[in-house]
$ cat data.tsv   # TSV, C-alpha atoms
chain	number	residue	atom	x	y	z
B	1	MET	CA	13.16	-95.82	25.31
B	2	SER	CA	15.15	-94.98	22.17
B	3	THR	CA	15.26	-91.50	20.67
B	4	ARG	CA	13.82	-91.72	17.15
B	5	VAL	CA	15.78	-89.88	14.48
B	6	VAL	CA	15.30	-88.94	10.81
B	7	VAL	CA	18.29	-87.87	8.66
B	8	VAL	CA	17.70	-85.55	5.69
B	9	ASP	CA	20.41	-84.66	3.16
B	10	ASP	CA	20.60	-84.65	-0.62
B	11	GLN	CA	24.05	-86.30	-0.53
B	12	GLU	CA	23.64	-90.05	-0.25
B	13	MET	CA	27.00	-90.57	1.45
B	14	VAL	CA	26.16	-88.02	4.16
B	15	ARG	CA	22.74	-89.60	4.77
B	16	ALA	CA	24.11	-93.11	4.93
B	17	GLY	CA	27.09	-92.12	7.07
B	18	PHE	CA	25.05	-90.23	9.65
B	19	ALA	CA	22.43	-92.97	9.76
B	20	ALA	CA	25.08	-95.62	10.34
B	21	LEU	CA	26.79	-93.65	13.11
B	22	LEU	CA	23.53	-92.99	14.91
B	23	SER	CA	22.26	-96.55	14.54
B	24	ALA	CA	25.39	-97.77	16.32
B	25	GLU	CA	24.21	-96.02	19.50
B	26	ALA	CA	22.07	-98.19	21.79
B	27	ASP	CA	19.72	-95.36	22.75
B	28	LEU	CA	19.20	-93.94	19.24
B	29	GLU	CA	17.04	-95.34	16.43
B	30	VAL	CA	17.10	-94.06	12.84
B	31	VAL	CA	13.52	-94.45	11.59
B	32	GLY	CA	14.13	-93.10	8.09
B	33	THR	CA	16.14	-90.93	5.73
B	34	ALA	CA	15.11	-88.44	3.03
B	35	ALA	CA	16.91	-86.80	0.09
B	36	ASP	CA	15.05	-83.47	-0.02
B	37	GLY	CA	12.74	-81.25	1.99
B	38	ALA	CA	9.53	-82.49	0.42
B	39	GLU	CA	10.40	-86.11	1.25
B	40	ALA	CA	11.36	-85.00	4.75
B	41	VAL	CA	8.02	-83.35	5.51
B	42	ASP	CA	6.14	-86.47	4.41
B	43	LEU	CA	8.49	-88.83	6.25
B	44	VAL	CA	8.37	-86.86	9.50
B	45	ARG	CA	4.58	-86.81	9.41
B	46	ARG	CA	4.47	-90.58	8.91
B	47	SER	CA	7.24	-91.65	11.29
B	48	ARG	CA	6.87	-89.04	14.07
B	49	PRO	CA	10.57	-88.91	15.10
B	50	ASP	CA	11.86	-87.09	18.14
B	51	VAL	CA	14.69	-85.37	16.27
B	52	VAL	CA	15.37	-84.51	12.62
B	53	LEU	CA	18.87	-83.80	11.30
B	54	MET	CA	18.30	-81.78	8.11
B	55	ASP	CA	20.54	-80.08	5.57
B	56	ILE	CA	19.82	-76.40	4.96
B	57	ARG	CA	20.50	-76.43	1.21
B	58	MET	CA	18.56	-79.07	-0.75
B	59	PRO	CA	16.71	-79.42	-4.06
B	60	VAL	CA	12.91	-79.56	-4.50
B	61	LEU	CA	12.27	-77.98	-1.09
B	62	ASP	CA	15.06	-76.38	0.94
B	63	GLY	CA	15.68	-77.17	4.58
B	64	ILE	CA	14.26	-73.93	5.98
B	65	GLU	CA	10.92	-74.27	4.19
B	66	ALA	CA	10.73	-77.94	5.20
B	67	LEU	CA	11.46	-76.85	8.78
B	68	ARG	CA	8.62	-74.31	8.65
B	69	ARG	CA	6.20	-76.96	7.44
B	70	ILE	CA	7.25	-79.46	10.10
B	71	VAL	CA	6.98	-77.09	13.07
B	72	GLY	CA	3.87	-75.45	11.61
B	73	ASP	CA	1.97	-78.74	11.39
B	74	PRO	CA	0.00	-79.56	14.58
B	75	VAL	CA	0.89	-83.22	14.08
B	76	THR	CA	4.66	-82.63	13.99
B	77	ARG	CA	5.18	-79.32	15.76
B	78	ASP	CA	6.90	-80.96	18.75
B	79	VAL	CA	9.59	-82.58	16.58
B	80	ARG	CA	13.03	-81.06	17.22
B	81	VAL	CA	15.00	-80.09	14.12
B	82	VAL	CA	18.76	-79.64	13.95
B	83	MET	CA	20.02	-78.02	10.75
B	84	LEU	CA	23.10	-79.48	9.08
B	85	THR	CA	25.57	-77.09	7.48
B	86	THR	CA	29.02	-77.19	5.95
B	87	PHE	CA	30.07	-73.91	7.56
B	88	ASP	CA	29.27	-72.47	10.99
B	89	ALA	CA	28.87	-69.07	9.32
B	90	ASP	CA	26.03	-70.22	7.07
B	91	GLU	CA	24.01	-67.23	5.87
B	92	TYR	CA	20.76	-69.02	6.69
B	93	VAL	CA	21.47	-69.59	10.39
B	94	LEU	CA	19.30	-66.74	11.67
B	95	ASP	CA	16.43	-67.57	9.29
B	96	SER	CA	16.54	-71.17	10.51
B	97	LEU	CA	16.36	-70.13	14.16
B	98	ARG	CA	13.44	-67.83	13.46
B	99	ALA	CA	11.70	-70.68	11.65
B	100	GLY	CA	12.03	-72.96	14.69
B	101	ALA	CA	15.34	-74.81	14.44
B	102	SER	CA	16.64	-76.17	17.73
B	103	GLY	CA	20.26	-75.80	16.71
B	104	PHE	CA	23.00	-76.45	14.20
B	105	LEU	CA	25.53	-79.15	13.53
B	106	LEU	CA	28.49	-79.06	11.18
B	107	LYS	CA	28.61	-81.93	8.69
B	108	ASP	CA	32.16	-82.77	9.75
B	109	ALA	CA	31.04	-83.48	13.32
B	110	SER	CA	32.52	-86.56	14.97
B	111	ALA	CA	30.41	-89.58	15.85
B	112	ALA	CA	30.39	-88.52	19.51
B	113	GLU	CA	29.35	-84.97	18.62
B	114	LEU	CA	26.60	-86.25	16.35
B	115	ALA	CA	25.09	-88.56	18.97
B	116	GLY	CA	25.53	-85.92	21.67
B	117	ALA	CA	23.71	-83.34	19.55
B	118	VAL	CA	20.71	-85.62	19.12
B	119	ARG	CA	20.55	-86.31	22.86
B	120	VAL	CA	20.87	-82.64	23.78
B	121	VAL	CA	18.08	-81.55	21.44
B	122	ALA	CA	15.84	-84.50	22.37
B	123	ALA	CA	16.14	-83.37	26.00
B	124	GLY	CA	14.72	-79.97	25.05
B	125	GLU	CA	17.95	-77.99	25.03
B	126	ALA	CA	19.25	-75.81	22.20
B	127	LEU	CA	22.38	-76.73	20.26
B	128	LEU	CA	24.31	-73.57	19.48
B	129	SER	CA	28.07	-73.46	19.28
B	130	PRO	CA	29.78	-70.25	20.48
B	131	SER	CA	30.69	-69.35	16.88
B	132	VAL	CA	27.09	-69.74	15.73
B	133	THR	CA	25.81	-67.73	18.69
B	134	ARG	CA	28.23	-64.90	17.89
B	135	GLN	CA	27.07	-64.88	14.29
B	136	VAL	CA	23.40	-64.78	15.27
B	137	ILE	CA	24.01	-61.88	17.65
B	138	ALA	CA	25.99	-60.01	14.99
B	139	ARG	CA	23.19	-60.45	12.46
B	140	LEU	CA	20.62	-59.21	14.97
B	141	VAL	CA	22.73	-56.22	15.93
B	142	ASP	CA	23.30	-55.27	12.29
B	143	GLY	CA	19.60	-55.55	11.51
B	144	PRO	CA	17.00	-52.76	11.67
B	145	ALA	CA	16.61	-51.01	15.01
B	146	ARG	CA	13.59	-51.91	17.09
B	147	PRO	CA	12.46	-48.85	19.07
B	148	THR	CA	10.03	-50.73	21.28
B	149	ARG	CA	10.26	-54.05	23.05
B	150	ASP	CA	8.11	-57.01	22.12
B	151	PRO	CA	4.79	-56.56	23.98
B	152	ARG	CA	4.88	-60.24	24.94
B	153	LEU	CA	7.67	-59.43	27.41
B	154	ARG	CA	5.13	-57.65	29.60
B	155	GLN	CA	3.76	-61.06	30.56
B	156	LEU	CA	7.00	-61.97	32.33
B	157	THR	CA	7.60	-61.52	36.03
B	158	ASP	CA	10.79	-59.77	37.14
B	159	ARG	CA	12.35	-63.14	37.98
B	160	GLU	CA	11.39	-64.63	34.62
B	161	ARG	CA	12.94	-61.62	32.92
B	162	ASP	CA	16.17	-62.20	34.86
B	163	VAL	CA	16.18	-65.85	33.78
B	164	LEU	CA	15.55	-64.92	30.13
B	165	LEU	CA	18.49	-62.52	30.20
B	166	LEU	CA	20.76	-65.32	31.38
B	167	VAL	CA	19.35	-67.79	28.84
B	168	ALA	CA	20.17	-65.22	26.14
B	169	ALA	CA	23.71	-65.03	27.55
B	170	GLY	CA	24.09	-68.76	26.93
B	171	ARG	CA	23.88	-69.90	30.53
B	172	SER	CA	22.73	-73.43	31.36
B	173	ASN	CA	20.04	-74.07	33.97
B	174	ALA	CA	22.70	-75.03	36.51
B	175	GLU	CA	24.65	-71.81	35.85
B	176	ILE	CA	21.50	-69.70	36.09
B	177	ALA	CA	20.64	-71.37	39.40
B	178	ALA	CA	24.09	-70.49	40.75
B	179	ASP	CA	23.91	-66.90	39.46
B	180	LEU	CA	20.46	-66.24	40.94
B	181	VAL	CA	20.89	-68.46	44.03
B	182	LEU	CA	17.96	-70.66	43.11
B	183	ALA	CA	17.34	-74.39	42.97
B	184	GLU	CA	17.94	-75.81	39.51
B	185	GLN	CA	14.40	-77.22	39.42
B	186	THR	CA	13.08	-73.71	40.10
B	187	VAL	CA	15.04	-72.41	37.14
B	188	LYS	CA	13.62	-75.19	34.93
B	189	THR	CA	10.12	-74.12	35.99
B	190	HIS	CA	10.86	-70.48	35.15
B	191	VAL	CA	12.28	-71.44	31.75
B	192	SER	CA	9.23	-73.56	30.98
B	193	ARG	CA	6.89	-70.70	31.89
B	194	ILE	CA	8.89	-68.26	29.76
B	195	PHE	CA	8.60	-70.55	26.75
B	196	THR	CA	4.85	-70.93	27.30
B	197	LYS	CA	4.19	-67.21	27.77
B	198	LEU	CA	6.30	-66.16	24.79
B	199	ASP	CA	5.28	-69.10	22.57
B	200	LEU	CA	8.89	-70.26	22.15
B	201	ARG	CA	10.05	-73.75	21.24
B	202	ASP	CA	13.39	-73.68	23.03
B	203	ARG	CA	16.44	-71.66	24.09
B	204	ALA	CA	17.51	-70.96	20.52
B	205	GLN	CA	14.36	-68.96	19.84
B	206	ALA	CA	14.68	-67.32	23.26
B	207	VAL	CA	18.09	-65.91	22.28
B	208	VAL	CA	16.68	-64.47	19.07
B	209	LEU	CA	13.68	-62.89	20.80
B	210	ALA	CA	15.80	-61.39	23.58
B	211	TYR	CA	18.00	-59.56	21.07
B	212	GLU	CA	15.31	-58.69	18.53
B	213	SER	CA	13.05	-57.26	21.23
B	214	GLY	CA	15.78	-55.02	22.67
B	215	LEU	CA	15.71	-56.82	26.02
B	216	VAL	CA	19.39	-57.58	25.51
B	217	THR	CA	21.86	-55.24	23.85
B	218	PRO	CA	25.48	-55.99	22.93
B	219	GLY	CA	27.95	-55.33	25.71
$ encode --input "data.tsv" --output "structure tokens"
Amino acid sequence: MSTRVVVVDDQEMVRAGFAALLSAEADLEVVGTAADGAEAVDLVRRSRPDVVLMDIRMPVLDGIEALRRIVGDPVTRDVRVVMLTTFDADEYVLDSLRAGASGFLLKDASAAELAGAVRVVAAGEALLSPSVTRQVIARLVDGPARPTRDPRLRQLTDRERDVLLLVAAGRSNAEIAADLVLAEQTVKTHVSRIFTKLDLRDRAQAVVLAYESGLVTPG
């Protein structure tokens, strides 16, 4: 089954280029493109894609507000959204993650990186480059202090807390399994339960919560 993709960008050449590159992949299907956030929200609701590649800065309705509307709609809340940016130090990275983005992709990504990003996000993983992760952590550290931890963390078992700590450190399921001497399938189960208990969409939001709640501190 093909992964259905929507491309959203106000620059026609970017839209057309990304759509062409993705359409060349046998397992990916571009089901539509949009030039602004308002068009994107309507298109996503009609076409129900698996993944949306969407520019952060756009006219009419910006990418972050469009993202909020997509993930906030019961009809489209399971759609994965990857934000497109010109710079990996985009000032809106943290706001996008809080709003429900599953990751980021630079607009100068190669064809292989573009297709790989769609596959990674469609599989339920987060797409965060090391540079983006460092920036997110720095923004969280520089933000207002949080004297108490998020009360939702009390729902976690000790093992789930251990797994969340490693997710926040950027570890994959296979690496977490090796670190904790667990089967990889067991780790996947723990991660799924963590997301359900904490009402998280994916690993990207887990990283943000872990730092914002004080569960993880720098160093």
$ residues_around --input "data.tsv" --residues "stretch 62-66 of chain B" --least-positions-apart "2" --cutoff "8 Å" --atoms "all atoms listed in the file" --output "list of chain:residue names"
B:Asp36, B:Gly37, B:Ala38, B:Ala40, B:Val41, B:Met54, B:Asp55, B:Ile56, B:Arg57, B:Met58, B:Pro59, B:Val60, B:Arg68, B:Arg69, B:Ile70, B:Met83, B:Asp95, B:Ser96, B:Ala99
$ residues_around --input "data.tsv" --residues "B:Asp78" --least-positions-apart "4" --cutoff "9 Å" --atoms "all atoms listed in the file" --output "PDB file with C-alpha atoms, in the frame of the given file"
ATOM      1  CA  ASP B  50      11.860 -87.090  18.140  1.00  0.00           C
ATOM      2  CA  ILE B  70       7.250 -79.460  10.100  1.00  0.00           C
ATOM      3  CA  VAL B  71       6.980 -77.090  13.070  1.00  0.00           C
ATOM      4  CA  PRO B  74       0.000 -79.560  14.580  1.00  0.00           C
ATOM      5  CA  ARG B 201      10.050 -73.750  21.240  1.00  0.00           C
TER       6      ARG B 201
END
$ closest_residue --input "data.tsv" --among "B:Val216, B:Ala126, B:Leu22, B:Leu209" --to "B:Leu165" --atoms "only C-alpha atoms"
B:Val216
$ atom_distance --input "data.tsv" --atom1 "atom CA of B:Gly103" --atom2 "atom CA of B:Arg152"
23.4 Å
$ atom_distance --input "data.tsv" --atom1 "atom CA of B:Ala101" --atom2 "atom CA of B:Arg80"
7.2 Å
$ atom_distance --input "data.tsv" --atom1 "atom CA of B:Val181" --atom2 "atom CA of B:Thr196"
23.3 Å
$ residues_around --input "data.tsv" --residues "B:Met13" --least-positions-apart "6" --cutoff "12 Å" --atoms "only C-alpha atoms" --output "JSON, numbers by chain"
{"B": [7, 19, 20, 33, 35, 107]}
$ closest_residue --input "data.tsv" --among "B:Arg77, B:Arg45, B:Arg203, B:Lys197" --to "B:Leu166" --atoms "all atoms listed in the file"
B:Arg203
$ closest_residue --input "data.tsv" --among "B:Glu160, B:Asp202, B:Asp150, B:Glu29" --to "B:Val121" --atoms "all atoms listed in the file"
B:Asp202
$ axis_aligned_box --input "data.tsv" --around "stretch 101-105 of chain B" --padding-each-side "3 Å" --output "lines of an AutoDock Vina configuration file"
center_x = 20.4
center_y = -77.0
center_z = 15.6
size_x = 16.2
size_y = 10.3
size_z = 10.2
$ closest_residue --input "data.tsv" --among "B:Val167, B:Ala210, B:Ala177, B:Ala115" --to "B:Ala24" --atoms "all atoms listed in the file"
B:Ala115
$ closest_residue --input "data.tsv" --among "B:Ser47, B:Leu215, B:Val118, B:Arg15" --to "B:Asp27" --atoms "only C-alpha atoms"
B:Val118
$ decode --input "data.tsv" --residues "stretch 10-43 of chain B" --atoms "N, CA and C atoms" --output "PDB file, in the first residue's frame"
ATOM      1  N   ASP B  10       4.116  27.832  -0.391  1.00  0.00           N
ATOM      2  CA  ASP B  10       3.641  28.947  -1.203  1.00  0.00           C
ATOM      3  C   ASP B  10       4.508  29.184  -2.436  1.00  0.00           C
ATOM      4  N   GLN B  11       5.664  28.528  -2.527  1.00  0.00           N
ATOM      5  CA  GLN B  11       6.513  28.651  -3.712  1.00  0.00           C
ATOM      6  C   GLN B  11       6.198  27.511  -4.681  1.00  0.00           C
ATOM      7  N   GLU B  12       5.729  27.876  -5.849  1.00  0.00           N
ATOM      8  CA  GLU B  12       5.283  26.872  -6.817  1.00  0.00           C
ATOM      9  C   GLU B  12       6.393  25.902  -7.203  1.00  0.00           C
ATOM     10  N   MET B  13       7.618  26.411  -7.364  1.00  0.00           N
ATOM     11  CA  MET B  13       8.722  25.539  -7.757  1.00  0.00           C
ATOM     12  C   MET B  13       9.030  24.510  -6.680  1.00  0.00           C
ATOM     13  N   VAL B  14       8.942  24.901  -5.410  1.00  0.00           N
ATOM     14  CA  VAL B  14       9.182  23.963  -4.313  1.00  0.00           C
ATOM     15  C   VAL B  14       8.096  22.888  -4.307  1.00  0.00           C
ATOM     16  N   ARG B  15       6.835  23.325  -4.416  1.00  0.00           N
ATOM     17  CA  ARG B  15       5.722  22.366  -4.435  1.00  0.00           C
ATOM     18  C   ARG B  15       5.887  21.361  -5.559  1.00  0.00           C
ATOM     19  N   ALA B  16       6.105  21.880  -6.751  1.00  0.00           N
ATOM     20  CA  ALA B  16       6.201  21.015  -7.925  1.00  0.00           C
ATOM     21  C   ALA B  16       7.412  20.088  -7.834  1.00  0.00           C
ATOM     22  N   GLY B  17       8.526  20.637  -7.361  1.00  0.00           N
ATOM     23  CA  GLY B  17       9.741  19.826  -7.252  1.00  0.00           C
ATOM     24  C   GLY B  17       9.597  18.691  -6.263  1.00  0.00           C
ATOM     25  N   PHE B  18       9.074  18.999  -5.082  1.00  0.00           N
ATOM     26  CA  PHE B  18       8.885  17.960  -4.066  1.00  0.00           C
ATOM     27  C   PHE B  18       7.875  16.923  -4.535  1.00  0.00           C
ATOM     28  N   ALA B  19       6.800  17.387  -5.160  1.00  0.00           N
ATOM     29  CA  ALA B  19       5.778  16.453  -5.638  1.00  0.00           C
ATOM     30  C   ALA B  19       6.349  15.506  -6.684  1.00  0.00           C
ATOM     31  N   ALA B  20       7.172  16.044  -7.578  1.00  0.00           N
ATOM     32  CA  ALA B  20       7.770  15.215  -8.627  1.00  0.00           C
ATOM     33  C   ALA B  20       8.724  14.181  -8.046  1.00  0.00           C
ATOM     34  N   LEU B  21       9.542  14.604  -7.087  1.00  0.00           N
ATOM     35  CA  LEU B  21      10.504  13.686  -6.475  1.00  0.00           C
ATOM     36  C   LEU B  21       9.789  12.557  -5.733  1.00  0.00           C
ATOM     37  N   LEU B  22       8.742  12.907  -5.023  1.00  0.00           N
ATOM     38  CA  LEU B  22       8.023  11.890  -4.255  1.00  0.00           C
ATOM     39  C   LEU B  22       7.232  10.951  -5.167  1.00  0.00           C
ATOM     40  N   SER B  23       6.664  11.495  -6.222  1.00  0.00           N
ATOM     41  CA  SER B  23       5.876  10.674  -7.149  1.00  0.00           C
ATOM     42  C   SER B  23       6.729   9.651  -7.877  1.00  0.00           C
ATOM     43  N   ALA B  24       8.038   9.896  -7.937  1.00  0.00           N
ATOM     44  CA  ALA B  24       8.942   8.961  -8.607  1.00  0.00           C
ATOM     45  C   ALA B  24       9.196   7.714  -7.771  1.00  0.00           C
ATOM     46  N   GLU B  25       8.803   7.756  -6.497  1.00  0.00           N
ATOM     47  CA  GLU B  25       8.998   6.609  -5.607  1.00  0.00           C
ATOM     48  C   GLU B  25       7.800   5.660  -5.700  1.00  0.00           C
ATOM     49  N   ALA B  26       8.065   4.375  -5.864  1.00  0.00           N
ATOM     50  CA  ALA B  26       6.991   3.402  -6.084  1.00  0.00           C
ATOM     51  C   ALA B  26       6.031   3.290  -4.904  1.00  0.00           C
ATOM     52  N   ASP B  27       6.537   3.535  -3.696  1.00  0.00           N
ATOM     53  CA  ASP B  27       5.688   3.343  -2.513  1.00  0.00           C
ATOM     54  C   ASP B  27       5.077   4.633  -1.985  1.00  0.00           C
ATOM     55  N   LEU B  28       5.256   5.748  -2.720  1.00  0.00           N
ATOM     56  CA  LEU B  28       4.721   7.032  -2.278  1.00  0.00           C
ATOM     57  C   LEU B  28       3.773   7.596  -3.334  1.00  0.00           C
ATOM     58  N   GLU B  29       2.680   8.198  -2.881  1.00  0.00           N
ATOM     59  CA  GLU B  29       1.694   8.768  -3.799  1.00  0.00           C
ATOM     60  C   GLU B  29       1.339  10.181  -3.348  1.00  0.00           C
ATOM     61  N   VAL B  30       1.602  11.167  -4.193  1.00  0.00           N
ATOM     62  CA  VAL B  30       1.224  12.549  -3.896  1.00  0.00           C
ATOM     63  C   VAL B  30      -0.244  12.725  -4.276  1.00  0.00           C
ATOM     64  N   VAL B  31      -1.088  12.987  -3.294  1.00  0.00           N
ATOM     65  CA  VAL B  31      -2.535  13.088  -3.549  1.00  0.00           C
ATOM     66  C   VAL B  31      -3.004  14.533  -3.674  1.00  0.00           C
ATOM     67  N   GLY B  32      -2.073  15.492  -3.553  1.00  0.00           N
ATOM     68  CA  GLY B  32      -2.454  16.882  -3.733  1.00  0.00           C
ATOM     69  C   GLY B  32      -1.392  17.836  -3.241  1.00  0.00           C
ATOM     70  N   THR B  33      -1.485  19.081  -3.694  1.00  0.00           N
ATOM     71  CA  THR B  33      -0.590  20.134  -3.223  1.00  0.00           C
ATOM     72  C   THR B  33      -1.434  21.367  -2.877  1.00  0.00           C
ATOM     73  N   ALA B  34      -0.888  22.226  -2.011  1.00  0.00           N
ATOM     74  CA  ALA B  34      -1.584  23.447  -1.613  1.00  0.00           C
ATOM     75  C   ALA B  34      -0.588  24.579  -1.486  1.00  0.00           C
ATOM     76  N   ALA B  35      -1.067  25.823  -1.701  1.00  0.00           N
ATOM     77  CA  ALA B  35      -0.184  26.989  -1.715  1.00  0.00           C
ATOM     78  C   ALA B  35      -0.211  27.790  -0.417  1.00  0.00           C
ATOM     79  N   ASP B  36      -1.122  27.470   0.494  1.00  0.00           N
ATOM     80  CA  ASP B  36      -1.156  28.162   1.783  1.00  0.00           C
ATOM     81  C   ASP B  36      -1.835  27.277   2.820  1.00  0.00           C
ATOM     82  N   GLY B  37      -1.795  27.728   4.075  1.00  0.00           N
ATOM     83  CA  GLY B  37      -2.315  26.909   5.159  1.00  0.00           C
ATOM     84  C   GLY B  37      -3.800  26.640   5.079  1.00  0.00           C
ATOM     85  N   ALA B  38      -4.573  27.635   4.631  1.00  0.00           N
ATOM     86  CA  ALA B  38      -6.015  27.451   4.529  1.00  0.00           C
ATOM     87  C   ALA B  38      -6.358  26.368   3.502  1.00  0.00           C
ATOM     88  N   GLU B  39      -5.683  26.425   2.343  1.00  0.00           N
ATOM     89  CA  GLU B  39      -5.878  25.388   1.326  1.00  0.00           C
ATOM     90  C   GLU B  39      -5.476  24.030   1.879  1.00  0.00           C
ATOM     91  N   ALA B  40      -4.390  24.011   2.655  1.00  0.00           N
ATOM     92  CA  ALA B  40      -3.879  22.751   3.194  1.00  0.00           C
ATOM     93  C   ALA B  40      -4.890  22.085   4.114  1.00  0.00           C
ATOM     94  N   VAL B  41      -5.481  22.853   5.027  1.00  0.00           N
ATOM     95  CA  VAL B  41      -6.451  22.289   5.967  1.00  0.00           C
ATOM     96  C   VAL B  41      -7.611  21.646   5.213  1.00  0.00           C
ATOM     97  N   ASP B  42      -8.114  22.357   4.202  1.00  0.00           N
ATOM     98  CA  ASP B  42      -9.231  21.834   3.408  1.00  0.00           C
ATOM     99  C   ASP B  42      -8.822  20.594   2.621  1.00  0.00           C
ATOM    100  N   LEU B  43      -7.631  20.647   2.007  1.00  0.00           N
ATOM    101  CA  LEU B  43      -7.158  19.522   1.201  1.00  0.00           C
ATOM    102  C   LEU B  43      -6.926  18.282   2.055  1.00  0.00           C
TER     103      LEU B  43
END
